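Text of the file run21.cif, holding mmCIF, C-alpha atoms:
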data_entry
#
loop_
_atom_site.label_atom_id
_atom_site.label_comp_id
_atom_site.auth_asym_id
_atom_site.auth_seq_id
_atom_site.Cartn_x
_atom_site.Cartn_y
_atom_site.Cartn_z
CA MET A 13 23.27 6.89 -24.73
CA THR A 14 25.80 8.05 -27.32
CA HIS A 15 27.25 11.48 -26.55
CA LEU A 16 25.88 13.66 -29.36
CA TYR A 17 28.98 15.84 -29.29
CA ALA A 18 31.59 13.12 -28.88
CA SER A 19 33.47 14.28 -31.96
CA THR A 20 33.78 17.92 -30.93
CA SER A 21 36.72 19.42 -29.08
CA PHE A 22 34.53 21.53 -26.81
CA PRO A 23 33.91 20.22 -23.28
CA ILE A 24 30.15 19.98 -23.60
CA ARG A 25 28.80 18.71 -20.29
CA ASP A 26 27.45 15.16 -20.37
CA ASP A 27 24.15 16.26 -18.85
CA LEU A 28 23.70 18.91 -21.53
CA ALA A 29 24.53 16.52 -24.37
CA ALA A 30 22.10 14.00 -22.90
CA ALA A 31 19.38 16.67 -22.69
CA HIS A 32 19.91 17.47 -26.36
CA ALA A 33 19.73 13.78 -27.23
CA ARG A 34 16.45 13.47 -25.34
CA ALA A 35 15.04 16.56 -27.06
CA TRP A 36 16.01 15.23 -30.47
CA ALA A 37 14.46 11.86 -29.70
CA ARG A 38 11.24 13.53 -28.55
CA ILE A 39 11.01 15.60 -31.72
CA ALA A 40 11.24 12.38 -33.73
CA ARG A 41 8.46 10.62 -31.84
CA PRO A 42 4.72 11.16 -32.32
CA GLY A 43 3.69 14.20 -30.34
CA THR A 44 0.31 15.27 -29.04
CA TRP A 45 -1.17 16.70 -32.27
CA TRP A 46 1.54 16.03 -34.90
CA ASP A 47 3.18 12.73 -35.78
CA GLY A 48 6.92 12.16 -35.80
CA ALA A 49 7.39 12.87 -39.51
CA GLU A 50 5.47 16.13 -39.20
CA ARG A 51 7.46 17.18 -36.12
CA VAL A 52 10.77 16.53 -37.87
CA ALA A 53 9.45 18.43 -40.91
CA ILE A 54 8.57 21.39 -38.63
CA ALA A 55 12.13 21.34 -37.27
CA ALA A 56 13.43 21.28 -40.85
CA GLU A 57 11.29 24.29 -41.73
CA ALA A 58 12.63 26.14 -38.71
CA ARG A 59 16.10 25.59 -40.11
CA LEU A 60 15.12 26.62 -43.61
CA ALA A 61 13.31 29.80 -42.53
CA PRO A 62 16.36 32.13 -42.30
CA SER A 63 17.02 31.59 -46.01
CA CYS A 64 13.35 31.95 -47.06
CA LYS A 65 13.02 34.92 -49.42
CA LEU A 66 9.54 35.84 -48.17
CA CYS A 67 10.76 35.82 -44.57
CA ARG A 68 13.70 38.06 -45.51
CA ARG A 69 11.44 40.57 -47.27
CA ARG A 70 9.09 40.61 -44.30
CA LYS A 71 11.96 41.02 -41.87
CA GLU A 72 13.12 44.10 -43.76
CA ALA A 73 9.61 45.54 -44.07
CA LEU A 74 8.20 48.13 -41.68
CA SER A 75 5.15 45.93 -41.33
CA PRO A 76 5.70 42.22 -42.00
CA LEU A 77 2.01 41.62 -42.71
CA SER A 78 2.12 44.07 -45.62
CA ILE A 79 4.28 41.64 -47.60
CA GLU A 80 2.44 38.79 -49.27
CA GLY A 81 3.87 35.74 -50.99
CA THR A 82 4.71 32.10 -50.54
CA HIS A 83 7.39 30.72 -48.28
CA ASP A 84 10.34 28.78 -49.62
CA SER A 85 9.60 25.45 -48.02
CA LEU A 86 10.40 21.77 -48.24
CA GLY A 87 6.83 21.09 -49.37
CA GLN A 88 6.10 18.52 -46.69
CA LEU A 89 3.67 20.58 -44.61
CA PRO A 90 0.59 22.73 -45.22
CA GLU A 91 1.41 26.38 -45.95
CA ILE A 92 -0.17 27.55 -42.69
CA VAL A 93 2.19 25.31 -40.70
CA VAL A 94 5.13 26.66 -42.66
CA GLU A 95 3.91 30.21 -42.00
CA VAL A 96 3.96 29.62 -38.24
CA ALA A 97 7.29 27.79 -38.18
CA HIS A 98 8.98 30.45 -40.33
CA ARG A 99 7.56 33.50 -38.54
CA VAL A 100 8.33 32.14 -35.09
CA ARG A 101 11.85 31.35 -36.24
CA THR A 102 12.63 34.57 -38.09
CA ASP A 103 10.62 37.43 -36.58
CA PRO A 104 9.32 36.56 -33.11
CA GLY A 105 9.57 40.09 -31.78
CA ARG A 106 6.86 41.32 -34.13
CA LEU A 107 4.34 38.52 -33.72
CA GLY A 108 0.98 39.94 -32.74
CA GLU A 109 -2.31 38.59 -31.46
CA GLY A 110 -4.01 39.54 -34.71
CA TRP A 111 -1.60 37.33 -36.64
CA TYR A 112 -2.19 34.48 -34.15
CA ARG A 113 -5.98 34.80 -34.48
CA ASP A 114 -5.66 34.76 -38.26
CA VAL A 115 -3.60 31.58 -38.14
CA ILE A 116 -6.35 29.94 -36.09
CA VAL A 117 -9.06 31.17 -38.46
CA ARG A 118 -7.06 29.73 -41.36
CA GLY A 119 -7.30 26.23 -39.94
CA LEU A 120 -4.81 25.49 -37.19
CA THR A 121 -6.07 24.59 -33.75
CA ALA A 122 -4.51 26.29 -30.75
CA GLU A 123 -3.14 22.88 -29.72
CA GLN A 124 -1.45 22.34 -33.09
CA TYR A 125 -0.08 25.88 -32.96
CA VAL A 126 1.47 25.45 -29.51
CA GLU A 127 3.15 22.21 -30.56
CA ILE A 128 4.65 23.91 -33.62
CA VAL A 129 5.99 26.68 -31.40
CA SER A 130 7.54 24.09 -29.11
CA VAL A 131 9.27 22.15 -31.87
CA VAL A 132 10.66 25.39 -33.33
CA ALA A 133 11.85 26.47 -29.88
CA HIS A 134 13.63 23.17 -29.24
CA THR A 135 15.34 23.42 -32.62
CA VAL A 136 16.37 27.03 -32.09
CA ALA A 137 17.84 26.29 -28.65
CA ILE A 138 20.03 23.50 -29.94
CA ASP A 139 20.96 25.08 -33.27
CA THR A 140 21.84 28.47 -31.79
CA MET A 141 24.18 26.85 -29.31
CA ALA A 142 25.86 24.98 -32.17
CA ARG A 143 26.25 28.23 -34.11
CA GLY A 144 27.75 29.93 -31.10
CA LEU A 145 30.36 27.23 -30.85
CA GLY A 146 31.00 27.10 -34.59
CA LEU A 147 29.70 23.54 -34.85
CA GLU A 148 27.69 22.03 -37.66
CA VAL A 149 24.04 21.66 -36.69
CA LEU A 150 23.07 18.17 -35.60
CA PRO A 151 21.49 16.02 -38.32
CA LEU A 152 17.74 16.00 -37.87
CA PRO A 153 16.47 12.84 -36.21
CA VAL A 154 14.74 10.06 -38.11
CA SER A 155 11.04 10.11 -37.35
CA VAL A 156 9.40 7.32 -35.41
CA PRO A 157 6.09 5.93 -36.74
CA GLY A 158 2.96 6.23 -34.65
CA SER A 159 -0.04 8.40 -33.95
CA PRO A 160 -0.28 11.59 -31.89
CA SER A 161 -1.92 11.17 -28.48
CA HIS A 162 -4.48 13.98 -28.95
CA TYR A 163 -4.39 14.61 -25.21
CA ARG A 164 -5.95 17.91 -24.18
CA PRO A 165 -5.90 18.98 -20.54
CA SER A 166 -9.51 19.26 -19.38
CA GLY A 167 -8.61 22.30 -17.27
CA ALA A 168 -7.10 24.32 -20.13
CA LYS A 169 -8.85 27.61 -20.67
CA VAL A 170 -8.29 31.11 -21.93
CA GLY A 171 -6.20 33.10 -19.48
CA GLY A 172 -3.67 35.86 -19.79
CA ALA A 173 -1.99 34.63 -22.98
CA TRP A 174 -3.16 34.40 -26.59
CA VAL A 175 -3.28 30.63 -26.30
CA PRO A 176 -5.32 28.74 -23.70
CA TRP A 177 -3.29 27.55 -20.74
CA VAL A 178 -3.63 25.51 -17.56
CA GLU A 179 -3.64 27.30 -14.23
CA PRO A 180 -2.12 25.27 -11.38
CA ALA A 181 -5.52 24.96 -9.72
CA ASP A 182 -6.95 23.47 -12.91
CA ALA A 183 -4.16 20.98 -13.48
CA GLY A 184 -5.24 17.36 -13.64
CA GLU A 185 -3.12 14.34 -12.80
CA VAL A 186 -1.23 14.35 -16.11
CA GLU A 187 -0.23 18.00 -16.09
CA ALA A 188 0.17 18.55 -12.35
CA ALA A 189 3.83 17.54 -12.44
CA ILE A 190 4.77 20.18 -15.01
CA TYR A 191 4.64 22.90 -12.35
CA PRO A 192 6.81 23.37 -9.27
CA ARG A 193 5.14 22.35 -6.02
CA ASP A 194 6.71 24.99 -3.82
CA ARG A 195 5.87 28.13 -5.77
CA LEU A 196 3.57 29.51 -8.42
CA PRO A 197 4.74 28.82 -11.96
CA ALA A 198 6.02 31.70 -14.04
CA ASN A 199 3.97 32.50 -17.11
CA ILE A 200 6.70 31.04 -19.32
CA MET A 201 5.95 27.66 -17.71
CA LYS A 202 2.23 28.05 -18.37
CA ALA A 203 2.77 29.26 -21.94
CA MET A 204 2.74 25.79 -23.53
CA SER A 205 0.69 23.99 -20.87
CA LEU A 206 -1.98 23.25 -23.45
CA ILE A 207 0.49 20.52 -24.42
CA PRO A 208 1.92 19.22 -21.12
CA ALA A 209 4.41 16.93 -22.85
CA GLU A 210 6.00 19.96 -24.54
CA VAL A 211 6.36 21.79 -21.23
CA ARG A 212 8.14 18.79 -19.74
CA SER A 213 10.39 18.49 -22.78
CA PHE A 214 11.26 22.18 -23.10
CA PHE A 215 11.99 22.60 -19.41
CA ASP A 216 14.29 19.60 -19.55
CA LEU A 217 16.32 21.75 -21.97
CA VAL A 218 15.97 24.79 -19.72
CA THR A 219 17.32 22.83 -16.75
CA HIS A 220 20.47 21.69 -18.52
CA GLN A 221 21.15 24.48 -21.00
CA TYR A 222 20.42 27.28 -18.50
CA LEU A 223 19.70 26.37 -14.87
CA PRO A 224 17.28 24.19 -12.89
CA GLY A 225 14.37 26.25 -11.59
CA GLU A 226 15.29 25.75 -7.96
CA VAL A 227 18.74 27.33 -8.35
CA MET A 228 17.96 30.24 -10.66
CA ARG A 229 17.76 32.52 -7.63
CA ASP A 230 20.34 30.75 -5.52
CA PHE A 231 23.10 33.34 -5.72
CA SER A 232 25.02 31.74 -2.84
CA ARG A 233 27.00 29.57 -5.25
CA GLU A 234 27.64 29.16 -8.95
CA TYR A 235 26.40 26.15 -10.88
CA ARG A 236 28.02 26.74 -14.25
CA ALA A 237 31.40 27.77 -15.62
CA ILE A 238 30.02 31.31 -15.87
CA SER A 239 28.46 33.23 -12.98
CA HIS A 240 24.80 34.07 -12.40
CA ALA A 241 25.52 37.67 -13.40
CA GLN A 242 27.21 36.58 -16.62
CA ILE A 243 24.36 34.20 -17.41
CA GLU A 244 21.71 36.85 -16.79
CA LEU A 245 23.56 39.46 -18.84
CA LEU A 246 23.63 37.05 -21.78
CA ALA A 247 19.95 36.21 -21.31
CA ALA A 248 18.94 39.85 -21.10
CA ARG A 249 20.98 40.86 -24.15
CA VAL A 250 19.52 38.03 -26.23
CA SER A 251 16.00 39.01 -25.19
CA ALA A 252 16.66 42.63 -26.09
CA LEU A 253 17.99 41.59 -29.50
CA ASN A 254 14.84 39.54 -30.00
CA ARG A 255 12.70 42.50 -28.85
CA CYS A 256 11.21 40.26 -26.16
CA LEU A 257 10.00 42.12 -23.09
CA TYR A 258 9.29 38.96 -21.13
CA MET B 22 15.58 41.20 -13.13
CA LEU B 23 17.77 38.27 -12.09
CA LEU B 24 20.82 40.27 -13.13
CA ARG B 25 19.87 42.99 -10.68
CA ALA B 26 19.00 40.42 -7.98
CA SER B 27 22.40 38.81 -8.46
CA GLY B 28 24.06 42.20 -8.01
CA ARG B 29 22.14 42.89 -4.80
CA THR B 30 23.32 39.59 -3.35
CA TYR B 31 26.93 40.53 -3.90
CA ASP B 32 26.39 44.20 -3.13
CA LYS B 33 27.32 45.14 -6.66
CA THR B 34 25.62 47.52 -9.03
CA TYR B 35 25.47 46.47 -12.64
CA ASP B 36 24.91 49.02 -15.36
CA LEU B 37 21.75 47.64 -16.93
CA ALA B 38 22.38 49.67 -20.07
CA ALA B 39 24.68 46.76 -20.97
CA VAL B 40 21.47 44.96 -21.93
CA THR B 41 20.93 47.41 -24.77
CA GLY B 42 24.42 46.87 -26.16
CA THR B 43 25.27 50.56 -25.95
CA LEU B 44 27.98 50.32 -23.30
CA GLU B 45 31.65 50.23 -24.18
CA SER B 46 32.45 48.88 -20.70
CA ASP B 47 31.67 45.59 -18.95
CA GLY B 48 28.83 47.22 -17.03
CA GLY B 49 30.20 45.74 -13.82
CA VAL B 50 29.86 42.13 -15.00
CA PRO B 51 33.18 40.34 -15.49
CA HIS B 52 33.86 40.17 -19.25
CA GLY B 53 30.47 41.78 -19.79
CA ARG B 54 31.43 43.49 -23.04
CA LEU B 55 32.75 40.20 -24.48
CA LEU B 56 29.59 38.37 -23.43
CA VAL B 57 27.37 40.99 -25.04
CA GLY B 58 29.46 40.91 -28.21
CA PHE B 59 29.24 37.14 -28.33
CA ALA B 60 25.45 37.15 -27.92
CA GLU B 61 25.09 39.76 -30.66
CA ALA B 62 27.33 37.82 -33.02
CA ALA B 63 25.64 34.48 -32.33
CA LEU B 64 22.26 35.97 -33.28
CA GLY B 65 23.72 37.85 -36.23
CA GLU B 66 24.72 36.65 -39.67
CA ASP B 67 28.38 37.69 -39.82
CA ASP B 68 30.33 34.45 -39.41
CA ALA B 69 33.69 36.21 -39.23
CA ALA B 70 32.46 38.49 -36.44
CA LEU B 71 31.13 35.48 -34.58
CA ALA B 72 34.47 33.68 -34.92
CA ARG B 73 36.26 36.69 -33.45
CA ALA B 74 33.75 37.02 -30.60
CA ARG B 75 34.01 33.29 -29.88
CA ASP B 76 37.81 33.35 -29.78
CA ALA B 77 37.84 36.38 -27.51
CA LEU B 78 35.35 34.84 -25.11
CA MET B 79 37.18 31.51 -25.04
CA THR B 80 40.41 33.30 -24.19
CA ALA B 81 38.66 35.12 -21.37
CA LEU B 82 36.51 32.34 -19.94
CA GLY B 83 38.10 29.11 -21.16
CA PRO B 84 36.30 26.40 -23.15
CA PRO B 85 33.80 25.41 -20.40
CA GLY B 86 32.77 29.04 -20.01
CA LEU B 87 32.31 29.43 -23.74
CA VAL B 88 30.17 26.28 -23.87
CA ASP B 89 27.91 27.50 -21.09
CA ALA B 90 27.67 30.95 -22.67
CA ALA B 91 26.66 29.43 -26.00
CA GLY B 92 24.10 27.28 -24.22
CA VAL B 93 22.51 30.24 -22.49
CA VAL B 94 22.39 32.25 -25.72
CA GLY B 95 20.72 29.33 -27.47
CA LEU B 96 18.24 28.69 -24.70
CA PHE B 97 17.10 32.31 -24.45
CA ASN B 98 16.87 32.60 -28.20
CA ALA B 99 14.28 29.83 -27.82
CA ILE B 100 12.52 31.04 -24.65
CA ASP B 101 11.91 34.42 -26.29
CA ARG B 102 10.11 32.65 -29.11
CA VAL B 103 7.90 30.70 -26.72
CA ALA B 104 7.02 33.91 -24.85
CA ASP B 105 6.37 35.98 -27.97
CA ALA B 106 4.48 33.32 -29.93
CA THR B 107 2.12 32.46 -27.08
CA GLY B 108 1.52 36.07 -26.05
CA ILE B 109 2.19 35.62 -22.37
CA PRO B 110 2.13 38.79 -20.29
CA LEU B 111 4.76 39.84 -17.80
CA GLU B 112 3.66 38.76 -14.31
CA PRO B 113 2.39 41.71 -12.22
CA GLU B 114 5.10 41.31 -9.58
CA LYS B 115 7.83 41.24 -12.24
CA ALA B 116 6.27 44.20 -14.01
CA THR B 117 6.34 46.19 -10.79
CA ALA B 118 9.87 45.19 -9.89
CA SER B 119 11.24 46.00 -13.33
CA ALA B 120 9.23 49.15 -14.08
CA ASP B 121 12.08 51.54 -13.40
CA PHE B 122 14.67 49.99 -15.68
CA ARG B 123 12.10 49.12 -18.36
CA ALA B 124 11.26 52.81 -18.49
CA ALA B 125 14.89 53.90 -18.35
CA LEU B 126 15.91 51.57 -21.16
CA ASP B 127 12.68 52.02 -23.17
CA LEU B 128 12.03 48.27 -23.10
CA ASP B 129 8.24 48.58 -22.92
CA ARG B 130 8.15 49.13 -26.67
CA PHE B 131 8.63 45.35 -26.94
CA ALA B 132 5.37 44.51 -25.09
CA VAL B 133 3.30 41.84 -26.85
CA SER B 134 0.08 43.68 -26.00
CA ASP B 135 1.11 46.47 -28.37
CA ARG B 136 1.53 44.24 -31.42
CA ILE B 137 -1.12 43.50 -34.01
#
Would you write out, as structure tokens, the structure that this file holds?
Amino acid sequence: MTHLYASTSFPIRDDLAAAHARAWARIARPGTWWDGAERVAIAAEARLAPSCKLCRRRKEALSPLSIEGTHDSLGQLPEIVVEVAHRVRTDPGRLGEGWYRDVIVRGLTAEQYVEIVSVVAHTVAIDTMARGLGLEVLPLPVSVPGSPSHYRPSGAKVGGAWVPWVEPADAGEVEAAIYPRDRLPANIMKAMSLIPAEVRSFFDLVTHQYLPGEVMRDFSREYRAISHAQIELLAARVSALNRCLY
Amino acid sequence: MLLRASGRTYDKTYDLAAVTGTLESDGGVPHGRLLVGFAEAALGEDDAALARARDALMTALGPPGLVDAAGVVGLFNAIDRVADATGIPLEPEKATASADFRAALDLDRFAVSDRI
């Protein structure tokens, strides 16, 4: 596999570059509810969102839902898809359940919604790291033809989140492997379990861009060039900036 | 919570107010102020401020440290979106364990259950 960052002067670990390459390849391929072209278009909208005039006005408003208008978009996706991609990208700390319910009423399925969230999250993880290092963002991948799988876990049901999720006890053969075997999964692992493929993909990024699950609490040694304490301070500050309690 | 757990392992006390960006010190974490400044700049829009924060952190940590710091900032900028967009609650055991510093730092105002 070609090292995505071969031309940069930063010592980006091979395992991290490979994880980014896998994530990019997965975005380009047909997903579970969106095809490859749509997934790449969602990633493109996530990148466009910070310069969208409607998103900027909403971001500055006391209540984002009080501002109406049309998003600046690439015109490749329905407006409701653009709305989700842009809001998740630009104002996640003020997303509410009422907004989510409205998005569903306006025509998205919960499955489609979760996959949009996942594609935006993958893009944000990779692009924010590039910004931190002062690198140009990676060119978006070329989409791969094909149809979405339309796989829905039979055990998915409404739980503690806005979106349906899969409890470990309800996990079938396909989704059983997305959860650790030796402990209960954190809610962040269950968050996108309506689309098991997205959980696997996102936690591949988590493993290499943060830490593997099994060593997050292993304070007996360090696994990165920065310490656990330094990592967790960064994580906590980012979450505070994003107004994310979780 | 993992920041506090890390401190307990090494018998260190970190000033969790560093999370709010209001501390002028490192909060007990080596290069903590530089790390916080880098995270703030990476999520901000001031490219010049980010360049300064990046240079300062690279001087302090070296290039591998800067790369890992940028990776963590990127990853949590994404995780927060997954958490907020799916409306997941804080697990009861985490809520209990973090109640004191959430109250002290007024972090509960970010709860998804309070948003419309």
Handout entry: Contacts of A:Pro42 at 10 Å (all atoms listed in the file; same-chain gap of 3+ positions) as a ChimeraX atom specification
Key = /A:38-39,45-52,155-161
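In this structure, the chain B residues at most 6 Å away from chain A are Leu24, Ser27, Val40, Ala63, Pro85, Gly86, Ala91, Gly92, Val93, Gly95, Leu96, Phe97, Ala99, Asp101, Arg102, Asp105, Thr107, Gly108, Ile109, Leu111, Phe131, Ala132, Arg136 and Ile137 of chain B, with only C-alpha atoms considered.
Residues selected in this file by the PyMOL selection byres ((chain B and resi 34-38) around 8) comprise Leu24, Arg25, Gly28, Arg29, Asp32, Lys33, Ala39, Val40, Thr41, Gly42, Thr43, Leu44, Gly48, Gly49, Val50, Phe122 and Leu126 of chain B.
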Practice task
Extract, using all atoms listed in the file, all DNA, RNA and protein residues at most 9 Å from A:Ala37, discarding same-chain residues fewer than 3 positions from it, and format them as a PyMOL selection string.
Solution key: chain A and resi 32-34+40-41+153-156
Problem - Selection result of the PyMOL selection byres ((chain A and resi 80) around 12) on this file, as a PyMOL selection string - result: chain A and resi 65-70+73+75-79+81-83+95
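Between A:Glu123 and the residues A:Pro151, A:Pro90, A:Pro165, A:Pro197, the shortest atom-to-atom distance, using only C-alpha atoms, involves A:Pro165.
Take the PyMOL selection byres ((chain A and resi 57) around 7) and apply it to this file: it picks Ala53, Ile54, Ala55, Ala56, Ala58, Arg59, Leu60, Ala61, Ser85, Val94, Ala97 and His98 of chain A.
As for atom CA of B:Ser119 and atom CA of A:Ala181, they are spaced 27.1 Å apart.
Interatomic distance, atom CA of B:Asp67 to atom CA of A:Leu147: 15.1 Å.
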Exercise for the section: For atom CA of A:Pro208 and atom CA of A:Glu226, quote the distance in Å rounded to one decimal. Expected result: 19.9 Å
Exercise for the section: Could you please give me, as a list of chain:residue names, the residues of protein, DNA or RNA lying at most 9 Å from (39.2, 38.5, -17.7) in the coordinate frame of the file, considering all atoms listed in the file? Expected result: B:Pro51, B:His52, B:Thr80, B:Ala81, B:Leu82
Take the selection from the previous step and output its residues with C-alpha atoms, as a short mmCIF file (atom, residue, chain, number, x, y, z; two decimals), in the coordinates of the input.
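Saved file again_2.cif follows:
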data_model
loop_
_atom_site.label_atom_id
_atom_site.label_comp_id
_atom_site.auth_asym_id
_atom_site.auth_seq_id
_atom_site.Cartn_x
_atom_site.Cartn_y
_atom_site.Cartn_z
CA PRO B 51 33.18 40.34 -15.49
CA HIS B 52 33.86 40.17 -19.25
CA THR B 80 40.41 33.30 -24.19
CA ALA B 81 38.66 35.12 -21.37
CA LEU B 82 36.51 32.34 -19.94
#
Can you take stretch 109-125 of chain A from the block and write N, CA and C atoms as an mmCIF file, in the first residue's frame?
data_model
loop_
_atom_site.group_PDB
_atom_site.id
_atom_site.type_symbol
_atom_site.label_atom_id
_atom_site.label_comp_id
_atom_site.auth_asym_id
_atom_site.auth_seq_id
_atom_site.Cartn_x
_atom_site.Cartn_y
_atom_site.Cartn_z
ATOM 1 N N GLU A 109 -32.202 16.416 19.900
ATOM 2 C CA GLU A 109 -33.041 15.303 19.453
ATOM 3 C C GLU A 109 -34.185 15.792 18.571
ATOM 4 N N GLY A 110 -34.676 17.003 18.849
ATOM 5 C CA GLY A 110 -35.744 17.547 18.015
ATOM 6 C C GLY A 110 -35.303 17.718 16.574
ATOM 7 N N TRP A 111 -34.080 18.207 16.405
ATOM 8 C CA TRP A 111 -33.520 18.353 15.049
ATOM 9 C C TRP A 111 -33.388 16.979 14.394
ATOM 10 N N TYR A 112 -32.873 15.992 15.144
ATOM 11 C CA TYR A 112 -32.724 14.636 14.592
ATOM 12 C C TYR A 112 -34.076 14.087 14.150
ATOM 13 N N ARG A 113 -35.094 14.221 15.011
ATOM 14 C CA ARG A 113 -36.423 13.707 14.658
ATOM 15 C C ARG A 113 -36.960 14.388 13.405
ATOM 16 N N ASP A 114 -36.695 15.674 13.281
ATOM 17 C CA ASP A 114 -37.162 16.417 12.103
ATOM 18 C C ASP A 114 -36.484 15.907 10.836
ATOM 19 N N VAL A 115 -35.209 15.619 10.937
ATOM 20 C CA VAL A 115 -34.471 15.086 9.789
ATOM 21 C C VAL A 115 -35.085 13.761 9.334
ATOM 22 N N ILE A 116 -35.491 12.944 10.300
ATOM 23 C CA ILE A 116 -36.093 11.653 9.968
ATOM 24 C C ILE A 116 -37.476 11.868 9.338
ATOM 25 N N VAL A 117 -38.233 12.792 9.903
ATOM 26 C CA VAL A 117 -39.555 13.093 9.339
ATOM 27 C C VAL A 117 -39.426 13.598 7.902
ATOM 28 N N ARG A 118 -38.341 14.324 7.649
ATOM 29 C CA ARG A 118 -38.158 14.912 6.307
ATOM 30 C C ARG A 118 -37.618 13.910 5.288
ATOM 31 N N GLY A 119 -37.440 12.659 5.673
ATOM 32 C CA GLY A 119 -37.184 11.656 4.650
ATOM 33 C C GLY A 119 -35.971 10.767 4.792
ATOM 34 N N LEU A 120 -35.082 11.081 5.714
ATOM 35 C CA LEU A 120 -33.935 10.184 5.900
ATOM 36 C C LEU A 120 -34.334 9.029 6.807
ATOM 37 N N THR A 121 -33.783 7.863 6.563
ATOM 38 C CA THR A 121 -33.954 6.781 7.534
ATOM 39 C C THR A 121 -32.853 6.916 8.592
ATOM 40 N N ALA A 122 -33.085 6.304 9.734
ATOM 41 C CA ALA A 122 -32.066 6.330 10.783
ATOM 42 C C ALA A 122 -30.767 5.686 10.277
ATOM 43 N N GLU A 123 -30.904 4.665 9.448
ATOM 44 C CA GLU A 123 -29.714 3.979 8.913
ATOM 45 C C GLU A 123 -28.918 4.917 8.005
ATOM 46 N N GLN A 124 -29.620 5.622 7.126
ATOM 47 C CA GLN A 124 -28.935 6.577 6.247
ATOM 48 C C GLN A 124 -28.270 7.674 7.064
ATOM 49 N N TYR A 125 -28.973 8.131 8.090
ATOM 50 C CA TYR A 125 -28.443 9.190 8.952
ATOM 51 C C TYR A 125 -27.141 8.753 9.620
#
